[in-house]
$ cat final_24.txt   # compact mmCIF, C-alpha atoms and all ligand atoms
# COMPACT_ATOMS: atom_id res chain seq x y z
CA MET A 283 9.83 28.49 4.76
CA VAL A 284 11.22 24.98 4.55
CA ARG A 285 8.13 23.13 5.71
CA ALA A 286 4.48 23.65 6.58
CA SER A 287 3.90 25.77 9.69
CA LEU A 288 3.66 23.99 13.01
CA GLN A 289 -0.05 24.80 13.22
CA ALA A 290 -0.65 23.35 9.74
CA LEU A 291 1.17 20.21 10.87
CA ILE A 292 -0.96 19.92 14.01
CA ASP A 293 -4.18 20.52 12.06
CA GLY A 294 -3.21 18.10 9.28
CA GLU A 295 -4.81 14.79 8.38
CA LEU A 296 -3.73 11.77 10.41
CA TYR A 297 -3.44 8.29 8.91
CA VAL A 298 -6.26 6.02 10.16
CA PRO A 299 -4.93 2.45 10.51
CA GLY A 300 -7.07 -0.70 10.56
CA LEU A 301 -8.20 -1.71 14.07
CA SER A 302 -6.44 -4.50 15.96
CA ALA A 303 -7.96 -7.92 16.67
CA GLU A 304 -7.19 -7.41 20.39
CA TYR A 305 -9.28 -4.22 20.50
CA VAL A 306 -12.29 -5.85 18.84
CA SER A 307 -12.02 -8.97 20.97
CA ARG A 308 -11.86 -6.90 24.19
CA THR A 309 -14.59 -4.45 23.19
CA TYR A 310 -17.14 -6.93 21.83
CA GLY A 311 -16.25 -10.02 23.88
CA ILE A 312 -15.43 -12.13 20.82
CA PRO A 313 -12.69 -14.80 21.16
CA ILE A 314 -9.63 -13.37 19.46
CA GLY A 315 -9.25 -16.40 17.21
CA ASP A 316 -12.71 -15.70 15.75
CA VAL A 317 -12.01 -12.09 14.80
CA ALA A 318 -11.63 -11.58 11.04
CA LYS A 319 -9.02 -8.83 10.66
CA LEU A 320 -9.69 -7.49 7.18
CA GLY A 321 -8.57 -3.88 7.43
CA SER A 322 -4.78 -3.88 7.11
CA ALA A 323 -4.08 -6.05 4.02
CA GLU A 324 -1.78 -8.38 5.95
CA ASN A 325 -0.60 -11.81 4.83
CA PRO A 326 -3.14 -14.56 5.75
CA HIS A 327 -0.29 -17.00 6.45
CA GLY A 328 1.79 -14.70 8.65
CA ALA A 329 5.49 -14.01 8.28
CA SER A 330 7.84 -15.68 5.81
CA PRO A 331 9.33 -18.63 7.76
CA LYS A 332 12.73 -18.04 6.14
CA ALA A 333 12.69 -14.41 7.29
CA SER A 334 11.58 -15.38 10.81
CA ALA A 335 14.45 -17.87 11.16
CA ALA A 336 16.95 -15.29 9.88
CA VAL A 337 15.67 -12.67 12.34
CA GLU A 338 16.12 -15.12 15.20
CA ALA A 339 19.64 -15.94 14.05
CA ALA A 340 20.47 -12.21 13.90
CA LEU A 341 19.57 -11.57 17.55
CA GLY A 342 23.23 -12.07 18.48
CA ARG A 343 24.13 -8.99 16.44
CA LEU A 344 21.90 -6.53 18.28
CA SER A 345 24.81 -4.73 19.93
CA LEU A 346 26.42 -3.92 16.57
CA TYR A 347 25.60 -1.03 14.27
CA PRO A 348 24.28 -2.29 10.96
CA ASP A 349 25.78 -1.18 7.66
CA TRP A 350 24.19 2.25 7.20
CA THR A 351 23.15 1.54 3.59
CA ALA A 352 21.80 -1.96 4.41
CA LYS A 353 24.34 -3.25 1.88
CA ASP A 354 23.56 -6.98 2.20
CA LEU A 355 19.87 -6.31 1.66
CA ARG A 356 20.53 -4.02 -1.31
CA ILE A 357 22.69 -6.75 -2.87
CA ALA A 358 20.03 -9.43 -2.29
CA ILE A 359 17.31 -7.23 -3.83
CA ALA A 360 19.50 -6.20 -6.76
CA GLU A 361 20.37 -9.83 -7.50
CA LYS A 362 16.76 -10.91 -7.31
CA PHE A 363 15.66 -8.37 -9.93
CA GLY A 364 18.82 -8.02 -12.01
CA PHE A 365 19.88 -4.45 -11.15
CA ASP A 366 22.92 -2.77 -9.63
CA PRO A 367 22.95 -2.57 -5.78
CA ASP A 368 23.67 1.17 -6.17
CA GLY A 369 20.22 1.44 -7.75
CA VAL A 370 18.53 0.24 -4.54
CA VAL A 371 17.71 2.18 -1.37
CA CYS A 372 16.03 0.56 1.63
CA GLY A 373 13.64 2.06 4.13
CA SER A 374 11.69 1.26 7.23
CA GLY A 375 8.71 0.17 5.15
CA GLU A 376 7.69 1.83 1.92
CA THR A 377 6.23 4.63 3.99
CA GLU A 378 9.69 5.87 4.90
CA LEU A 379 10.68 5.84 1.22
CA ILE A 380 7.57 7.82 0.31
CA SER A 381 8.47 10.50 2.86
CA MET A 382 12.11 10.53 1.67
CA VAL A 383 11.07 10.89 -1.98
CA ILE A 384 8.82 13.85 -1.14
CA ARG A 385 11.55 15.62 0.83
CA ALA A 386 14.27 14.94 -1.73
CA PHE A 387 12.50 15.59 -5.03
CA ALA A 388 9.94 18.35 -4.33
CA GLY A 389 10.64 21.73 -2.78
CA PRO A 390 8.35 23.88 -0.62
CA ASN A 391 5.02 24.54 -2.31
CA GLU A 392 5.97 22.51 -5.39
CA ALA A 393 3.32 20.22 -6.85
CA VAL A 394 3.08 16.47 -6.17
CA LEU A 395 0.62 14.65 -8.44
CA MET A 396 -1.51 11.71 -7.26
CA HIS A 397 -4.97 10.29 -7.84
CA GLU A 398 -7.78 11.91 -5.83
CA LEU A 399 -8.33 8.53 -4.23
CA CYS A 400 -4.97 7.09 -3.24
CA PHE A 401 -2.80 5.74 -0.43
CA PRO A 402 -3.26 8.64 2.06
CA LEU A 403 0.42 8.91 2.99
CA TYR A 404 1.33 10.51 -0.38
CA ARG A 405 -0.94 13.40 0.55
CA ILE A 406 -0.19 13.41 4.29
CA TYR A 407 3.60 13.57 3.85
CA ALA A 408 3.32 16.12 1.03
CA CYS A 409 1.23 18.36 3.31
CA CYS A 410 3.52 17.83 6.34
CA GLU A 411 6.49 18.97 4.28
CA GLY A 412 4.70 22.00 2.82
CA ARG A 413 4.53 20.49 -0.68
CA ARG A 414 1.37 20.96 -2.75
CA PRO A 415 -0.65 17.80 -3.56
CA ILE A 416 -2.62 17.97 -6.80
CA TYR A 417 -5.20 15.37 -7.71
CA ALA A 418 -6.13 13.52 -10.89
CA PRO A 419 -9.82 12.51 -10.96
CA MET A 420 -10.95 8.90 -11.29
CA GLY A 421 -13.83 7.48 -13.30
CA LYS A 422 -16.85 5.33 -12.46
CA ASP A 423 -15.99 2.46 -10.10
CA PHE A 424 -12.61 4.17 -9.57
CA THR A 425 -11.24 3.40 -13.01
CA PHE A 426 -8.06 5.24 -13.96
CA GLN A 427 -8.61 8.13 -16.33
CA MET A 428 -5.09 8.42 -17.60
CA ASP A 429 -5.92 11.13 -20.14
CA ARG A 430 -6.88 13.39 -17.21
CA TYR A 431 -3.76 12.37 -15.25
CA VAL A 432 -1.48 13.05 -18.21
CA ALA A 433 -3.16 16.40 -18.90
CA LEU A 434 -2.35 17.49 -15.33
CA LEU A 435 1.17 16.15 -15.64
CA LYS A 436 1.78 18.29 -18.72
CA GLN A 437 -0.03 21.35 -17.45
CA GLU A 438 1.28 21.48 -13.86
CA ARG A 439 4.71 19.88 -14.32
CA PRO A 440 4.72 18.45 -10.79
CA LYS A 441 8.07 17.51 -9.27
CA ILE A 442 6.75 14.06 -8.39
CA ALA A 443 4.01 11.94 -10.01
CA PHE A 444 2.74 9.03 -7.87
CA LEU A 445 1.12 6.00 -9.46
CA THR A 446 -0.04 2.92 -7.56
CA THR A 447 -0.50 -0.48 -9.19
CA PRO A 448 -2.48 -2.36 -8.05
CA HIS A 449 -4.16 0.78 -6.80
CA ASN A 450 -5.08 1.25 -3.14
CA PRO A 451 -8.01 1.09 -2.46
CA SER A 452 -9.57 0.08 -5.81
CA GLY A 453 -7.12 -2.77 -6.50
CA ARG A 454 -7.04 -1.87 -10.19
CA LEU A 455 -3.93 -2.58 -12.24
CA LEU A 456 -2.35 0.00 -14.56
CA SER A 457 -1.50 -1.15 -18.06
CA GLU A 458 2.11 -1.06 -19.25
CA GLN A 459 0.96 1.31 -21.98
CA ASP A 460 -0.35 3.79 -19.38
CA ILE A 461 2.83 3.65 -17.31
CA ARG A 462 4.90 4.26 -20.44
CA LEU A 463 2.63 7.15 -21.39
CA VAL A 464 3.19 8.80 -17.99
CA CYS A 465 6.98 8.35 -18.13
CA GLU A 466 7.09 9.74 -21.67
CA SER A 467 4.72 12.66 -20.99
CA ALA A 468 6.50 13.79 -17.82
CA ASP A 469 8.83 16.77 -17.85
CA PRO A 470 12.44 15.47 -17.52
CA ARG A 471 12.54 17.05 -14.04
CA THR A 472 9.46 15.11 -12.87
CA LEU A 473 10.18 11.95 -10.91
CA VAL A 474 7.65 9.19 -11.66
CA VAL A 475 7.11 6.96 -8.61
CA LEU A 476 5.45 3.63 -9.25
CA ASP A 477 4.22 2.09 -6.01
CA GLU A 478 3.97 -1.68 -6.44
CA ALA A 479 3.24 -2.60 -2.81
CA TYR A 480 0.64 -5.20 -3.85
CA ILE A 481 2.11 -6.32 -7.16
CA HIS A 482 2.44 -10.03 -6.27
CA TYR A 483 -1.32 -10.34 -5.92
CA SER A 484 -1.84 -9.18 -9.50
CA GLU A 485 0.01 -12.34 -10.61
CA THR A 486 2.11 -10.28 -13.00
CA ALA A 487 5.85 -9.58 -12.78
CA GLY A 488 5.17 -5.86 -12.42
CA SER A 489 6.99 -3.06 -14.17
CA MET A 490 10.61 -3.15 -13.05
CA HIS A 491 11.64 -3.91 -16.64
CA LEU A 492 10.50 -0.39 -17.54
CA LEU A 493 13.27 1.03 -15.34
CA ARG A 494 15.71 0.29 -18.17
CA ASP A 495 13.73 2.51 -20.55
CA TYR A 496 12.99 5.47 -18.26
CA PRO A 497 15.67 7.28 -16.23
CA ASN A 498 12.93 9.34 -14.50
CA LEU A 499 11.26 6.25 -12.98
CA ILE A 500 11.61 4.68 -9.53
CA VAL A 501 9.67 1.60 -8.36
CA LEU A 502 8.77 1.18 -4.68
CA ARG A 503 8.03 -2.18 -3.10
CA THR A 504 7.38 -3.48 0.39
CA PHE A 505 7.99 -6.64 2.42
CA SER A 506 4.79 -5.94 4.40
CA LYS A 507 2.33 -7.69 2.09
CA ALA A 508 3.19 -10.89 0.20
CA TYR A 509 6.24 -11.60 2.41
CA GLY A 510 4.17 -11.14 5.57
CA LEU A 511 6.67 -8.82 7.27
CA ALA A 512 4.54 -5.76 8.09
CA GLY A 513 5.82 -5.81 11.67
CA LEU A 514 9.48 -5.86 10.64
CA ARG A 515 9.25 -2.69 8.49
CA ILE A 516 11.14 -3.15 5.22
CA GLY A 517 10.61 -1.44 1.90
CA PHE A 518 12.84 -0.43 -0.98
CA GLY A 519 13.11 1.87 -3.94
CA ILE A 520 14.80 0.69 -7.13
CA SER A 521 15.88 2.51 -10.28
CA ASP A 522 18.27 1.94 -13.16
CA ASN A 523 19.42 5.53 -12.69
CA PRO A 524 21.70 5.85 -9.62
CA ALA A 525 21.21 9.64 -9.79
CA LEU A 526 17.67 9.07 -8.47
CA ILE A 527 18.86 6.84 -5.64
CA ASP A 528 21.82 8.94 -4.47
CA PRO A 529 19.74 11.82 -2.99
CA LEU A 530 17.52 9.32 -1.18
CA ARG A 531 20.52 7.66 0.40
CA ARG A 532 21.75 11.07 1.57
CA ILE A 533 18.42 12.21 2.99
CA LYS A 534 17.52 9.02 4.84
CA PRO A 535 18.07 8.70 8.60
CA THR A 536 21.56 7.23 8.63
CA TRP A 537 20.91 3.85 10.28
CA ASN A 538 17.29 3.52 9.20
CA MET A 539 17.53 -0.26 8.81
CA GLY A 540 18.38 -2.37 11.84
CA GLN A 541 20.18 -5.72 11.97
CA LEU A 542 16.89 -7.63 12.17
CA GLN A 543 15.34 -5.83 9.20
CA ILE A 544 18.40 -6.46 7.06
CA ALA A 545 18.65 -10.15 8.02
CA GLY A 546 14.89 -10.73 7.62
CA GLY A 547 14.83 -8.97 4.27
CA VAL A 548 17.79 -10.91 2.85
CA ALA A 549 16.07 -14.21 3.68
CA GLY A 550 12.54 -13.05 2.87
CA ILE A 551 13.24 -11.78 -0.65
CA ASN A 552 13.93 -15.35 -1.75
CA ASP A 553 11.04 -17.01 0.07
CA ASP A 554 9.14 -17.66 -3.14
CA ALA A 555 7.12 -20.51 -1.62
CA HIS A 556 5.64 -18.23 1.04
CA VAL A 557 4.74 -15.58 -1.51
CA ALA A 558 3.17 -18.19 -3.82
CA ARG A 559 1.06 -19.58 -0.97
CA ALA A 560 -0.33 -16.15 -0.12
CA VAL A 561 -1.03 -15.35 -3.77
CA GLN A 562 -2.94 -18.62 -4.21
CA THR A 563 -5.02 -18.05 -1.06
CA ILE A 564 -5.93 -14.53 -2.17
CA SER A 565 -6.85 -15.68 -5.66
CA ASP A 566 -9.10 -18.48 -4.33
CA SER A 567 -10.77 -16.12 -1.86
CA ARG A 568 -11.37 -13.50 -4.52
CA THR A 569 -13.25 -16.01 -6.66
CA HIS A 570 -15.26 -17.23 -3.66
CA VAL A 571 -16.25 -13.75 -2.47
CA GLU A 572 -17.03 -12.54 -6.00
CA ASP A 573 -19.33 -15.49 -6.42
CA GLN A 574 -21.10 -14.97 -3.07
CA MET A 575 -21.44 -11.20 -3.37
CA ALA A 576 -22.97 -11.50 -6.85
CA ARG A 577 -26.02 -12.91 -5.02
CA MET A 578 -26.43 -9.92 -2.70
CA ASP A 579 -28.73 -7.02 -3.38
CA ARG A 580 -27.72 -4.57 -0.63
CA PHE A 581 -23.96 -4.75 -1.23
CA ARG A 582 -21.83 -5.02 -4.32
CA MET A 583 -18.20 -5.91 -4.92
CA VAL A 584 -16.70 -3.12 -7.03
CA PRO A 585 -15.18 -4.96 -10.00
CA GLY A 586 -11.58 -4.90 -11.14
CA SER A 587 -9.47 -5.61 -8.04
CA ARG A 588 -6.19 -7.42 -8.70
CA SER A 589 -5.03 -6.92 -5.14
CA ASN A 590 -5.56 -8.55 -1.74
CA PHE A 591 -8.51 -6.24 -0.98
CA PHE A 592 -11.57 -4.96 -2.78
CA LEU A 593 -14.14 -2.23 -2.37
CA THR A 594 -17.63 -3.07 -1.20
CA GLU A 595 -20.29 -0.62 -2.37
CA ILE A 596 -23.29 -0.15 -0.08
CA LEU A 597 -26.33 -0.14 -2.36
CA ASP A 598 -29.01 0.21 0.34
CA PRO A 599 -29.59 3.99 0.67
CA ALA A 600 -30.68 3.55 4.30
CA LEU A 601 -27.19 2.38 5.26
CA GLY A 602 -23.94 4.35 5.45
CA ALA A 603 -20.35 3.12 5.61
CA SER A 604 -19.86 3.86 9.30
CA ASP A 605 -23.14 2.06 10.21
CA VAL A 606 -22.04 -1.03 8.34
CA PHE A 607 -18.48 -0.78 9.68
CA ASP A 608 -19.78 -0.65 13.29
CA GLN A 609 -22.16 -3.57 12.79
CA LEU A 610 -19.41 -5.66 11.22
CA LEU A 611 -17.21 -4.94 14.25
CA GLU A 612 -19.96 -6.22 16.54
CA HIS A 613 -19.81 -9.44 14.52
CA GLY A 614 -16.03 -9.64 14.92
CA VAL A 615 -15.14 -8.38 11.46
CA ILE A 616 -12.68 -5.50 10.95
CA VAL A 617 -12.73 -3.69 7.62
CA LYS A 618 -11.89 -0.10 6.60
CA ASP A 619 -14.63 2.52 6.79
CA GLY A 620 -14.80 4.56 3.55
CA ASN A 621 -15.38 7.66 5.67
CA ASP A 622 -11.81 7.27 6.97
CA ILE A 623 -10.37 7.31 3.45
CA GLN A 624 -10.36 10.71 1.73
CA GLY A 625 -11.98 10.46 -1.70
CA LEU A 626 -13.92 7.27 -0.85
CA GLY A 627 -16.69 8.30 1.55
CA ASN A 628 -19.95 7.02 2.91
CA ARG A 629 -20.94 4.43 0.27
CA TYR A 630 -17.87 2.19 0.44
CA LEU A 631 -15.81 -0.11 2.64
CA ARG A 632 -12.37 -1.51 1.84
CA VAL A 633 -12.22 -5.21 2.70
CA ASP A 634 -9.16 -7.50 2.65
CA LEU A 635 -9.13 -10.91 1.03
CA ASN A 636 -7.90 -13.54 3.46
CA LEU A 637 -8.50 -17.18 4.43
CA LYS A 638 -11.84 -18.62 3.29
CA GLU A 639 -13.18 -18.98 6.85
CA ARG A 640 -12.50 -15.30 7.53
CA MET A 641 -14.21 -14.29 4.30
CA ASP A 642 -17.18 -16.48 5.25
CA ARG A 643 -17.40 -14.61 8.55
CA PHE A 644 -17.42 -11.32 6.60
CA LEU A 645 -20.15 -12.59 4.24
CA TRP A 646 -22.24 -13.80 7.18
CA ALA A 647 -21.76 -10.50 9.04
CA LEU A 648 -22.87 -8.55 5.93
CA SER A 649 -26.02 -10.65 5.77
CA GLU A 650 -26.70 -9.73 9.42
CA VAL A 651 -26.47 -5.96 8.86
CA ARG A 652 -29.71 -4.25 9.93
CA ILE A 653 -31.11 -0.76 9.42
CA ALA A 654 -31.47 0.84 12.88
CA SER A 655 -35.23 1.61 12.62
CA ARG A 656 -35.99 -1.94 11.40
CA ALA A 657 -33.73 -3.69 13.98
C1 LIG A 701 -0.10 1.57 -1.76
C2 LIG A 701 0.72 1.39 -0.52
N1 LIG A 701 2.00 1.76 -0.54
C3 LIG A 701 2.76 1.62 0.55
C4 LIG A 701 2.26 1.08 1.73
C5 LIG A 701 3.15 1.03 2.93
O1 LIG A 701 3.75 -0.14 3.12
P1 LIG A 701 4.85 -0.33 4.27
O2 LIG A 701 4.26 -1.24 5.26
O3 LIG A 701 6.00 -0.93 3.53
O4 LIG A 701 5.21 0.99 4.84
C6 LIG A 701 0.95 0.67 1.78
C7 LIG A 701 0.41 0.11 3.03
O5 LIG A 701 -0.72 -0.05 3.29
C8 LIG A 701 0.15 0.86 0.64
O6 LIG A 701 -1.14 0.54 0.65

$ encode --input "final_24.txt" --output "structure tokens"
Amino acid sequence: MVRASLQALIDGELYVPGLSAEYVSRTYGIPIGDVAKLGSAENPHGASPKASAAVEAALGRLSLYPDWTAKDLRIAIAEKFGFDPDGVVCGSGETELISMVIRAFAGPNEAVLMHELCFPLYRIYACCEGRRPIYAPMGKDFTFQMDRYVALLKQERPKIAFLTTPHNPSGRLLSEQDIRLVCESADPRTLVVLDEAYIHYSETAGSMHLLRDYPNLIVLRTFSKAYGLAGLRIGFGISDNPALIDPLRRIKPTWNMGQLQIAGGVAGINDDAHVARAVQTISDSRTHVEDQMARMDRFRMVPGSRSNFFLTEILDPALGASDVFDQLLEHGVIVKDGNDIQGLGNRYLRVDLNLKERMDRFLWALSEVRIASRA
């Protein structure tokens, strides 16, 4: 058997994306400009202007096949971070790289380690490919319990160990010490995958420097968040060990990156001003929302997020996540329902940080939430 059975595929979990502003506007009759879209962790300022201009300029090349390894983009990324272009592989968003990593580095029924609460696509792709997800538990308020993670790593010797920093959906940041501990505790045949999709919002440089110390480590990043290019679909994997990148290059769909993705990525990777603007907006909004939510008694901001979203805990026992989610929608606010995120459940919502006026709409909508029998 090379993959899960067709029936297992059909019965498997589907990713639940955040709703669109158009849907909420149409369904609830709210002007689209008033909808606060806080369920997909997108950039509050839109796309990188440098990337947008480069995409427009590349329209004349649409009839030509792109370089199948996205060479120009690999060179631009390698130069930005000081690595060899042969240590970079590009994908149609990080999601494509996650699926490639699972196919290349784990065999049928082999274990893939992740946190019990994590970005659902690690689990979904592992299951689709007939790999075996195993889960490390998390502590109170979704703190990392790295002793438990490392114990599983040693005991189960998974083929792949996923880590996310900042974590989705808790937003918590892993310490360098913990990442080193995982790389050093892993069996030499275990690939450690560090997903840094949201790293800019932590206002740290991230962990690429660790690549030089650990030949079993690969870092994944995306252009969907701080660069504002979720619609263009660009992600990359980087390692100081070309032996980790070579299988990914072989397994990827040959021309997985189009002319527009390559051109947009080359320009976007150096749009530091756009990234800095988004980071500042998120930081200001985090402080504002933290301050406002500290005054609430029915809802609580789960502490510790260093990302562009945070978890809201529902303290009122008469309310559940889907109730609150639905009522927020009626007020033109889109968040993520904890019931749609395995491991999160009925007491939590995941909410993006965004422009202040959108966060004020969220705070107002929360204050309007009613319990059905008291409405
Ligand atoms: C932790 C994490 N990794 C990867 C991704 C996927 O990003 P991309 O848009 O590059 O596929 C997401 C998107 O939500 C994410 O939350």

$ closest_residue --input "final_24.txt" --among "A:Pro599, A:Gly614, A:Gly625, A:Gly342" --to "A:Arg643" --atoms "all atoms listed in the file"
A:Gly614

$ residues_near_point --input "final_24.txt" --point "(13.9, -8.5, 5.5)" --cutoff "12 Å" --atoms "all atoms listed in the file" --output "short mmCIF file (atom, residue, chain, number, x, y, z; two decimals) with C-alpha atoms, keeping the file's coordinate frame"
data_model
loop_
_atom_site.label_atom_id
_atom_site.label_comp_id
_atom_site.auth_asym_id
_atom_site.auth_seq_id
_atom_site.Cartn_x
_atom_site.Cartn_y
_atom_site.Cartn_z
CA ALA A 329 5.49 -14.01 8.28
CA SER A 330 7.84 -15.68 5.81
CA PRO A 331 9.33 -18.63 7.76
CA LYS A 332 12.73 -18.04 6.14
CA ALA A 333 12.69 -14.41 7.29
CA SER A 334 11.58 -15.38 10.81
CA ALA A 335 14.45 -17.87 11.16
CA ALA A 336 16.95 -15.29 9.88
CA VAL A 337 15.67 -12.67 12.34
CA GLU A 338 16.12 -15.12 15.20
CA ALA A 340 20.47 -12.21 13.90
CA ALA A 352 21.80 -1.96 4.41
CA ASP A 354 23.56 -6.98 2.20
CA LEU A 355 19.87 -6.31 1.66
CA ARG A 356 20.53 -4.02 -1.31
CA ALA A 358 20.03 -9.43 -2.29
CA ILE A 359 17.31 -7.23 -3.83
CA CYS A 372 16.03 0.56 1.63
CA GLY A 373 13.64 2.06 4.13
CA SER A 374 11.69 1.26 7.23
CA GLY A 375 8.71 0.17 5.15
CA THR A 504 7.38 -3.48 0.39
CA PHE A 505 7.99 -6.64 2.42
CA SER A 506 4.79 -5.94 4.40
CA TYR A 509 6.24 -11.60 2.41
CA GLY A 510 4.17 -11.14 5.57
CA LEU A 511 6.67 -8.82 7.27
CA ALA A 512 4.54 -5.76 8.09
CA GLY A 513 5.82 -5.81 11.67
CA LEU A 514 9.48 -5.86 10.64
CA ARG A 515 9.25 -2.69 8.49
CA ILE A 516 11.14 -3.15 5.22
CA GLY A 517 10.61 -1.44 1.90
CA PHE A 518 12.84 -0.43 -0.98
CA MET A 539 17.53 -0.26 8.81
CA GLY A 540 18.38 -2.37 11.84
CA GLN A 541 20.18 -5.72 11.97
CA LEU A 542 16.89 -7.63 12.17
CA GLN A 543 15.34 -5.83 9.20
CA ILE A 544 18.40 -6.46 7.06
CA ALA A 545 18.65 -10.15 8.02
CA GLY A 546 14.89 -10.73 7.62
CA GLY A 547 14.83 -8.97 4.27
CA VAL A 548 17.79 -10.91 2.85
CA ALA A 549 16.07 -14.21 3.68
CA GLY A 550 12.54 -13.05 2.87
CA ILE A 551 13.24 -11.78 -0.65
CA ASN A 552 13.93 -15.35 -1.75
CA ASP A 553 11.04 -17.01 0.07
#

$ atom_distance --input "final_24.txt" --atom1 "atom CA of A:Phe591" --atom2 "atom CA of A:Pro451"
7.5 Å

$ closest_residue --input "final_24.txt" --among "A:Leu399, A:Val651, A:Ala558, A:Val501" --to "A:Met420" --atoms "all atoms listed in the file"
A:Leu399

$ atom_distance --input "final_24.txt" --atom1 "atom CA of A:Ile533" --atom2 "atom CA of A:Leu291"
20.6 Å

$ closest_residue --input "final_24.txt" --among "A:Leu288, A:Val561, A:Leu296, A:Ile384" --to "A:Pro529" --atoms "only C-alpha atoms"
A:Ile384

$ residues_around --input "final_24.txt" --residues "A:Arg503" --least-positions-apart "6" --cutoff "7 Å" --atoms "all atoms listed in the file" --output "MDAnalysis selection string"
chainID A and resid 376 477:479 517:519

$ closest_residue --input "final_24.txt" --among "A:Ala525, A:Ala576, A:Val298, A:Ala487" --to "ligand LIG 701 (chain A)" --atoms "only C-alpha atoms and all ligand atoms"
A:Val298

$ residues_around --input "final_24.txt" --residues "stretch 423-437 of chain A" --least-positions-apart "3" --cutoff "7 Å" --atoms "all atoms listed in the file" --output "list in words"
Ala418, Pro419, Met420, Pro440, Ser452, Asp460, Val464, Ser467, Ala468 and Val584 of chain A

$ write_last_selection --input "final_24.txt" --atoms "C-alpha atoms" --output "mmCIF file, keeping the file's coordinate frame"
data_model
loop_
_atom_site.group_PDB
_atom_site.id
_atom_site.type_symbol
_atom_site.label_atom_id
_atom_site.label_comp_id
_atom_site.auth_asym_id
_atom_site.auth_seq_id
_atom_site.Cartn_x
_atom_site.Cartn_y
_atom_site.Cartn_z
ATOM 1 C CA ALA A 418 -6.130 13.520 -10.890
ATOM 2 C CA PRO A 419 -9.820 12.510 -10.960
ATOM 3 C CA MET A 420 -10.950 8.900 -11.290
ATOM 4 C CA PRO A 440 4.720 18.450 -10.790
ATOM 5 C CA SER A 452 -9.570 0.080 -5.810
ATOM 6 C CA ASP A 460 -0.350 3.790 -19.380
ATOM 7 C CA VAL A 464 3.190 8.800 -17.990
ATOM 8 C CA SER A 467 4.720 12.660 -20.990
ATOM 9 C CA ALA A 468 6.500 13.790 -17.820
ATOM 10 C CA VAL A 584 -16.700 -3.120 -7.030
#

$ closest_residue --input "final_24.txt" --among "A:Gly328, A:Pro585, A:Pro415, A:Gly315" --to "A:Lys441" --atoms "all atoms listed in the file"
A:Pro415

$ decode --input "final_24.txt" --residues "stretch 485-498 of chain A" --atoms "N, CA and C atoms" --output "JSON list (two decimals), in the first residue's frame"
[["chain", "number", "residue", "atom", "x", "y", "z"],
["A", 485, "GLU", "N", 8.79, 39.53, 15.99],
["A", 485, "GLU", "CA", 9.85, 40.55, 16.07],
["A", 485, "GLU", "C", 11.17, 39.95, 16.54],
["A", 486, "THR", "N", 11.42, 38.73, 16.09],
["A", 486, "THR", "CA", 12.73, 38.10, 16.25],
["A", 486, "THR", "C", 13.20, 37.72, 14.85],
["A", 487, "ALA", "N", 14.49, 37.37, 14.73],
["A", 487, "ALA", "CA", 15.01, 36.98, 13.41],
["A", 487, "ALA", "C", 14.67, 35.53, 13.09],
["A", 488, "GLY", "N", 14.11, 34.81, 14.04],
["A", 488, "GLY", "CA", 13.80, 33.40, 13.80],
["A", 488, "GLY", "C", 15.02, 32.51, 13.98],
["A", 489, "SER", "N", 14.96, 31.32, 13.43],
["A", 489, "SER", "CA", 15.94, 30.29, 13.78],
["A", 489, "SER", "C", 16.76, 29.78, 12.61],
["A", 490, "MET", "N", 16.81, 30.55, 11.51],
["A", 490, "MET", "CA", 17.58, 30.04, 10.37],
["A", 490, "MET", "C", 19.05, 29.82, 10.72],
["A", 491, "HIS", "N", 19.57, 30.61, 11.69],
["A", 491, "HIS", "CA", 20.98, 30.43, 12.05],
["A", 491, "HIS", "C", 21.25, 29.01, 12.58],
["A", 492, "LEU", "N", 20.21, 28.36, 13.10],
["A", 492, "LEU", "CA", 20.41, 27.00, 13.63],
["A", 492, "LEU", "C", 20.64, 25.98, 12.51],
["A", 493, "LEU", "N", 20.29, 26.35, 11.28],
["A", 493, "LEU", "CA", 20.49, 25.43, 10.16],
["A", 493, "LEU", "C", 21.96, 25.03, 10.05],
["A", 494, "ARG", "N", 22.85, 25.96, 10.41],
["A", 494, "ARG", "CA", 24.29, 25.68, 10.29],
["A", 494, "ARG", "C", 24.74, 24.63, 11.30],
["A", 495, "ASP", "N", 24.00, 24.51, 12.39],
["A", 495, "ASP", "CA", 24.40, 23.55, 13.44],
["A", 495, "ASP", "C", 23.75, 22.18, 13.27],
["A", 496, "TYR", "N", 22.61, 22.11, 12.55],
["A", 496, "TYR", "CA", 21.85, 20.86, 12.53],
["A", 496, "TYR", "C", 21.52, 20.41, 11.11],
["A", 497, "PRO", "N", 22.20, 19.38, 10.64],
["A", 497, "PRO", "CA", 21.94, 18.89, 9.26],
["A", 497, "PRO", "C", 20.62, 18.16, 9.13],
["A", 498, "ASN", "N", 19.90, 17.95, 10.24],
["A", 498, "ASN", "CA", 18.58, 17.29, 10.16],
["A", 498, "ASN", "C", 17.44, 18.31, 10.22]]
